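J.: After the structure tokens below, expect a handful of questions from me.
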Amino acid sequence: MIIATADRLKTIKEYYFSKKLEVIRHMQTRGLKVINLGIGNPDLSPSSDVIEDTTQALQKQESHGYATYRSSFELRRSISKWYQRTYGVRLDPECQILPLLGSKEGIFYVSLTFLNPGDRVLVPNPGYPAYSSAASLVGAQVHYYQLEERNSWYPDWEALEAMDLSGFKLMWVNYPHMPTGAKATDSVFSKLVEFGRKRRILICHDNPYSLMLNSESPKSILNSDPQLEVSLELNSMSKSFSMAGWRVGMLMTNEQVINSVLQVKSNVDSGMFLAIQAGAIAALRNSDNWHKERNRVYKQRRIVIYKIFDLLGFQYTQNQEGMFVWAKAPEHIPDVSQFLDVVLEKTLVFITPGIVFGTNGQRYARASLCAPIEVLHEAADKIQGALQSLFQSHYGEEQ
Ligand SMILES: Cc1ncc(COP(=O)(O)O)c(C=O)c1O
């Protein structure tokens, strides 16, 4: 018997990486060693305090039951102290912070909380695909706002102002921007908050990369909206604390929005495992030096990624933040996705085509810094060794 799935499934596709990683796993079961520079999955370890405090919590009988829906006050207080220390933002741990099982779930909860079918949402092109999937799944209408290299990947304010914005409720923004690495700036955040206030649109800032290869002190949009009137911020421990598998994220905004999101969330998940909360609390105490050391490692790796893109003839800027390098294909590569499939096939090195993040990413590729430097050198060697055949099979003739 075949039972029809819900119509809402027609509005989304399986997540690109869910599919692609399956292909890579297949290649691996055939004995092929694939170097995966596709995803931002940190391979570095969390701090030793994280492991120690989690292990201790595991030994305690009381850790194993359901946790509270809002998470412990201690975790919320740790987040509040970290926000004050890192971003200079004061938050009340009682009512302005909600820990999440990763920020990705926050994107879905915020969408479920605010969007009725037919409501309209502004989503960046290119951008993290979950913003549009979440909107589509709840029956909202996605409208892409264009981010382009000629505007340094910042919104085109004139184009936004000229839009008919009736029916728009949410706008997703994300600086440092994934996938382009564009930096967060106070002026962009102030403009966004002003735009949200004027147009009565909730500005949802997704901020997982502010500590990753940042050239200035990390920024939060909440500084531009001190009364937390029109903005919310999601943050994540996945990247900057090397804890992606732990699934710890957080939502910061005013009490009313926190309570509304909790209304949804408490009906879906049943809290964060207490031992993981203990680890998160320990991580939030990581010193500036711990973060500096992590960035030192990523910075060294980035030099090898530059080499890989140089070999392929792709162009990039060196002032990107986050944990990727975003690079533009040369004119003589007509189809970047197809070319990167050839790279995978011939060299077993996987690099993500920019089209995954939206049509404005079509001429670009994104490589992750999440592999040890010796593996990156190996990838560069393989690409160098296969250069001729790469271009031959792509064009059908020698270049
Ligand atoms: C822009 C952006 N937002 C959110 C996430 C999800 O992070 P988390 O692991 O906290 O769910 C990612 C993960 O790749 C991301 O790139």
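Labeling convention for the structure tokens: chains A, B, ... as they appear, residues from 1 per chain, ligands from 1 in order of appearance.
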Would you name the residues within 6 Å of ligand 1, counting only C-alpha atoms and all ligand atoms, and put them as a PDB file with C-alpha atoms, in the first residue's frame?

T.:
ATOM      1  CA  GLY A  40      31.451  22.961   7.342  1.00  0.00           C
ATOM      2  CA  GLY A 102      21.266  23.665  17.033  1.00  0.00           C
ATOM      3  CA  SER A 103      20.411  26.882  15.259  1.00  0.00           C
ATOM      4  CA  LYS A 104      18.953  25.017  12.269  1.00  0.00           C
ATOM      5  CA  TYR A 128      21.783  29.103   3.763  1.00  0.00           C
ATOM      6  CA  MET A 178      27.630  32.076   4.412  1.00  0.00           C
ATOM      7  CA  ASP A 206      21.579  34.029  11.910  1.00  0.00           C
ATOM      8  CA  PRO A 208      27.000  31.196  13.609  1.00  0.00           C
ATOM      9  CA  SER A 236      25.404  28.330  17.401  1.00  0.00           C
ATOM     10  CA  SER A 238      28.642  24.161  16.135  1.00  0.00           C
ATOM     11  CA  ALA A 244      28.611  20.604  15.592  1.00  0.00           C
ATOM     12  CA  GLY A 249      22.302  26.678  19.469  1.00  0.00           C
TER      13      GLY A 249
END

J.: Write down as a ChimeraX atom specification the residues of region 266-331 of chain A whose backbone DSSP state falls under alpha helix (DSSP H).

T.: /A:274-283,288-312

J.: Leaving out Leu21 (chain A) and any residue of its chain fewer than 5 positions from it, which residues lie within 10 Å of it when counting only C-alpha atoms, given as a list in words?

T.: Tyr16, His26, Met27, Asn36, Gly38, Ile39 and Phe350 of chain A

J.: So that I can check the surroundings of region 338-344 of chain A, please list as a list of chain:residue names every protein, DNA and RNA residue that reaches within 9 Å of it, counting only C-alpha atoms and ignoring chain neighbours fewer than 2 positions away.

T.: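 Once the adjacent positions are removed, what remains is A:Val34, A:Ile35, A:Ile333, A:Pro334, A:Asp335, A:Val336, A:Lys346, A:Thr347, A:Leu348, A:Val349, A:Phe350, A:Ile351, A:Thr352, A:Pro353, A:Ala365, A:Ile383, A:Ala386, A:Leu390, A:Phe391, A:Ser393, A:His394.
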